[in-house]
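What follows is a single structure, written as structure tokens, with notes after it.
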Amino acid sequence: MAPPSEPIETVVFDGRALANQVRGELAEQIEELVKAGKRPPCLAVVLVGDDPASRSYIKGKQRACSRIGMEAVEHLLPASTPQAELLELIGRMNADDGIDGILVQLPLPDHIDPTTVAEAIDPAKDADALHPVTAGRLLAGRYDIASCTPLGIMACLDHHGIELEGRDAVVIGRSQIVGKPISLMLQLRNATVTMCHSRTRDLAAVCRRADVLVVAAGRPRMVGADWIKPGAAVIDVGVSEVDGKLLGDVDFEAVQGIAGLITPSRRGIGPMTITMLLRNTLHAYRARCAG
Ligand code: NAP
């Protein structure tokens with residue numbers, strides 16, 4: 001591929017700064033609710049087992065809640081917890097008027113079916129957007145509550161004023177939490193979306209057509225400079241640990257001067273994902289409590 005004729009200054013997305021800005025706005029909204037005599041929204045977080053990474057993720061989520069004045073309750077269950085017991089707990093939380101959002105941290109131990117668990121959560125409290133009803137609403141064009149990472153990606157694109165209407169968007173990955181919902185969101189904004197996966201032929205050629213490229217494959221540095229259309233917005237969702245280093249799916253250094261926008265693997269889309277979990281919980285609260 002010929003190099004771009006004009007040098008391009010690649011903008012690096014600052015996910016932490018945008019996350020702080022959005023969290024500040026959420027905190028203001030919660031403060032107003034509390035000033036008006038209402039209770040703050042509450043997110044319930046459930047962890048089954050003692051996986052250290054999952055434990056650190058839920059601690060981060062709880063910290064994020066408390067920083068914006070949102071309540072968080074934690075349920076730490078042993079790895080041996082029977083599925084029926086977890087479903088019973090979810091049933092109690094569904095019926096608890098003081099809980100607005102429910103998140104069950106994945107992955108779950110092998111004896112627990114994640115789909116059954118997702119379907120047990122009341123869709124009105126589905127802060128992590130894993131229930132099929134939530135996915136169906138997005139299919140119908142409504143995303144008051146939706147998958148957190150795709151919401152974070154849309155916020156990033158909007159923050160940088162990336163035009164979507166009529167543009168070619170390519171999404172690598174077709175997972176339920178990233179690839180499928182972001183494809184729908186981009187299409188709802190009138191982009192022409194191509195969804196790619198492990199059987200896509202000549203992936204590099206497909207990507208070179210993309211004005212917006214979203215990569216969520218979990219394959220470190222699979223996307224190199226020669227896959228990028230000059231000036232494209234490149235959203236790197238992938239996070240892989242290689243030799244103790246966190247790597248994205250895009251070769252961050254190589255796309256400098258070619259991409260118009262790139263999200264780094266650290267402080268990129270990650271902080272936005274947690275922020276959108278908070279946003280979903282506040283939406284769920286308002287919908288249930290008409291706040
Ligand atoms: P996933 O369930 O792991 O699925 C990966 C997807 O990528 C699949 O659809 C797979 O295709 C496709 N794929 C894998 N290798 C490919 C290749 N060589 N060429 C083309 N497509 C390929 O996906 P995920 O849960 O969405 O996670 C993807 C990555 O994003 C992971 O690194 C994950 O850690 C990261 N992630 C980050 C955040 C964040 O907040 N930063 C949030 C979520 C996920 P098939 O369907 O054909 O197998």
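Starting from 1 in every chain, residues are counted up; chains themselves are A, B, ... following the order of the structure tokens, and ligands are numbered from 1 as listed.
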Can I get the residues of chain A within 8 Å of ligand 1, each with the closest pair of atoms and their distance in Å to one decimal, using only C-alpha atoms and all ligand atoms, sorted chain first then ascending number, as JSON lines?
```
{"residue": "A:Cys148", "atom": "CA", "partner": "ligand 1", "partner_atom_place_in_ligand_line": "40 (O)", "distance": 7.9}
{"residue": "A:Thr149", "atom": "CA", "partner": "ligand 1", "partner_atom_place_in_ligand_line": "40 (O)", "distance": 5.4}
{"residue": "A:Ile172", "atom": "CA", "partner": "ligand 1", "partner_atom_place_in_ligand_line": "21 (N)", "distance": 5.5}
{"residue": "A:Gly173", "atom": "CA", "partner": "ligand 1", "partner_atom_place_in_ligand_line": "7 (O)", "distance": 3.6}
{"residue": "A:Arg174", "atom": "CA", "partner": "ligand 1", "partner_atom_place_in_ligand_line": "9 (O)", "distance": 3.8}
{"residue": "A:Ser175", "atom": "CA", "partner": "ligand 1", "partner_atom_place_in_ligand_line": "2 (O)", "distance": 4.5}
{"residue": "A:Gln176", "atom": "CA", "partner": "ligand 1", "partner_atom_place_in_ligand_line": "26 (O)", "distance": 7.0}
{"residue": "A:Ile177", "atom": "CA", "partner": "ligand 1", "partner_atom_place_in_ligand_line": "26 (O)", "distance": 5.7}
{"residue": "A:Val178", "atom": "CA", "partner": "ligand 1", "partner_atom_place_in_ligand_line": "26 (O)", "distance": 4.6}
{"residue": "A:Gly179", "atom": "CA", "partner": "ligand 1", "partner_atom_place_in_ligand_line": "26 (O)", "distance": 5.9}
{"residue": "A:Cys196", "atom": "CA", "partner": "ligand 1", "partner_atom_place_in_ligand_line": "21 (N)", "distance": 6.0}
{"residue": "A:His197", "atom": "CA", "partner": "ligand 1", "partner_atom_place_in_ligand_line": "21 (N)", "distance": 3.5}
{"residue": "A:Ser198", "atom": "CA", "partner": "ligand 1", "partner_atom_place_in_ligand_line": "21 (N)", "distance": 3.7}
{"residue": "A:Arg199", "atom": "CA", "partner": "ligand 1", "partner_atom_place_in_ligand_line": "47 (O)", "distance": 5.7}
{"residue": "A:Thr200", "atom": "CA", "partner": "ligand 1", "partner_atom_place_in_ligand_line": "20 (C)", "distance": 6.5}
{"residue": "A:Leu203", "atom": "CA", "partner": "ligand 1", "partner_atom_place_in_ligand_line": "20 (C)", "distance": 7.1}
{"residue": "A:Val215", "atom": "CA", "partner": "ligand 1", "partner_atom_place_in_ligand_line": "30 (O)", "distance": 7.7}
{"residue": "A:Ala216", "atom": "CA", "partner": "ligand 1", "partner_atom_place_in_ligand_line": "28 (C)", "distance": 4.1}
{"residue": "A:Ala217", "atom": "CA", "partner": "ligand 1", "partner_atom_place_in_ligand_line": "7 (O)", "distance": 3.3}
{"residue": "A:Gly218", "atom": "CA", "partner": "ligand 1", "partner_atom_place_in_ligand_line": "32 (O)", "distance": 3.2}
{"residue": "A:Arg219", "atom": "CA", "partner": "ligand 1", "partner_atom_place_in_ligand_line": "15 (N)", "distance": 6.0}
{"residue": "A:Pro220", "atom": "CA", "partner": "ligand 1", "partner_atom_place_in_ligand_line": "32 (O)", "distance": 7.8}
{"residue": "A:Met222", "atom": "CA", "partner": "ligand 1", "partner_atom_place_in_ligand_line": "18 (N)", "distance": 7.2}
{"residue": "A:Val237", "atom": "CA", "partner": "ligand 1", "partner_atom_place_in_ligand_line": "30 (O)", "distance": 4.8}
{"residue": "A:Gly238", "atom": "CA", "partner": "ligand 1", "partner_atom_place_in_ligand_line": "32 (O)", "distance": 3.5}
{"residue": "A:Val239", "atom": "CA", "partner": "ligand 1", "partner_atom_place_in_ligand_line": "32 (O)", "distance": 4.0}
{"residue": "A:Ser240", "atom": "CA", "partner": "ligand 1", "partner_atom_place_in_ligand_line": "32 (O)", "distance": 5.4}
{"residue": "A:Gly248", "atom": "CA", "partner": "ligand 1", "partner_atom_place_in_ligand_line": "32 (O)", "distance": 7.2}
{"residue": "A:Asp249", "atom": "CA", "partner": "ligand 1", "partner_atom_place_in_ligand_line": "32 (O)", "distance": 7.3}
{"residue": "A:Ser265", "atom": "CA", "partner": "ligand 1", "partner_atom_place_in_ligand_line": "41 (N)", "distance": 7.2}
{"residue": "A:Gly268", "atom": "CA", "partner": "ligand 1", "partner_atom_place_in_ligand_line": "41 (N)", "distance": 7.3}
{"residue": "A:Ile269", "atom": "CA", "partner": "ligand 1", "partner_atom_place_in_ligand_line": "41 (N)", "distance": 5.0}
{"residue": "A:Gly270", "atom": "CA", "partner": "ligand 1", "partner_atom_place_in_ligand_line": "41 (N)", "distance": 3.8}
{"residue": "A:Pro271", "atom": "CA", "partner": "ligand 1", "partner_atom_place_in_ligand_line": "40 (O)", "distance": 7.0}
{"residue": "A:Met272", "atom": "CA", "partner": "ligand 1", "partner_atom_place_in_ligand_line": "40 (O)", "distance": 7.2}
{"residue": "A:Thr273", "atom": "CA", "partner": "ligand 1", "partner_atom_place_in_ligand_line": "40 (O)", "distance": 4.9}
{"residue": "A:Ile274", "atom": "CA", "partner": "ligand 1", "partner_atom_place_in_ligand_line": "40 (O)", "distance": 7.5}
```
inquiry  = From a backbone DSSP assignment, name each residue in segment 16-121 of chain A labelled helix (DSSP H, G or I), as an NGL selection string.
reply    = :A and (16-35 or 52-67 or 83-95 or 114-120)
query = Of the residues A:Leu106, A:Leu86, A:Met154, A:Ala36, which is the one nearest to Arg189 of chain A, using only C-alpha atoms?
reply =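 Answer, going by the shortest atom-to-atom distance: A:Met154.
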inquiry  = Report, in Å to a single decimal, how far apart atom CA of Ile90 of chain A and atom CA of Gly37 of chain A are.
reply    =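 Taking atom CA of Gly37 of chain A as the start and atom CA of Ile90 of chain A as the end point, the length is 28.0 Å.
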inquiry  = Neighbouring residues of Leu18 of chain A were defined as those with any atom within 10 Å, considering only C-alpha atoms; residues of the same chain fewer than 2 positions away were excluded. Please report them as a VMD selection string.
reply    = chain A and resid 13 to 16 20 to 24 152 155 to 156 159 267 to 269 271 to 272 275
Next, write the just-selected residues to a file, as a PDB file, in the first residue's frame, keeping C-alpha atoms as the atom set.
```pdb
ATOM      1  CA  PHE A  13      -7.617   8.775  22.732  1.00  0.00           C
ATOM      2  CA  ASP A  14      -7.348   9.594  26.437  1.00  0.00           C
ATOM      3  CA  GLY A  15      -9.877   7.177  27.922  1.00  0.00           C
ATOM      4  CA  ARG A  16      -9.120   8.183  31.463  1.00  0.00           C
ATOM      5  CA  ASN A  20     -13.435  11.224  34.426  1.00  0.00           C
ATOM      6  CA  GLN A  21     -15.523  13.788  32.570  1.00  0.00           C
ATOM      7  CA  VAL A  22     -18.503  11.419  32.150  1.00  0.00           C
ATOM      8  CA  ARG A  23     -18.178  10.174  35.748  1.00  0.00           C
ATOM      9  CA  GLY A  24     -18.224  13.801  36.909  1.00  0.00           C
ATOM     10  CA  GLY A 152     -17.724   3.393  25.640  1.00  0.00           C
ATOM     11  CA  ALA A 155     -18.721   7.844  23.451  1.00  0.00           C
ATOM     12  CA  CYS A 156     -15.091   7.902  22.245  1.00  0.00           C
ATOM     13  CA  HIS A 159     -16.073  12.834  21.702  1.00  0.00           C
ATOM     14  CA  ARG A 267      -6.207   4.050  29.471  1.00  0.00           C
ATOM     15  CA  GLY A 268      -8.128   3.659  26.226  1.00  0.00           C
ATOM     16  CA  ILE A 269     -11.475   1.913  26.016  1.00  0.00           C
ATOM     17  CA  PRO A 271     -11.889   3.123  31.679  1.00  0.00           C
ATOM     18  CA  MET A 272     -14.888   3.882  29.443  1.00  0.00           C
ATOM     19  CA  THR A 275     -17.982   4.286  33.241  1.00  0.00           C
TER      20      THR A 275
END
```
request  = Might you pull out every residue within 7 Å of Glu71 of chain A, with only C-alpha atoms counted and same-chain residues fewer than 6 positions away left off, and present them as number ranges by chain?
outcome  = A: 40-43, 65
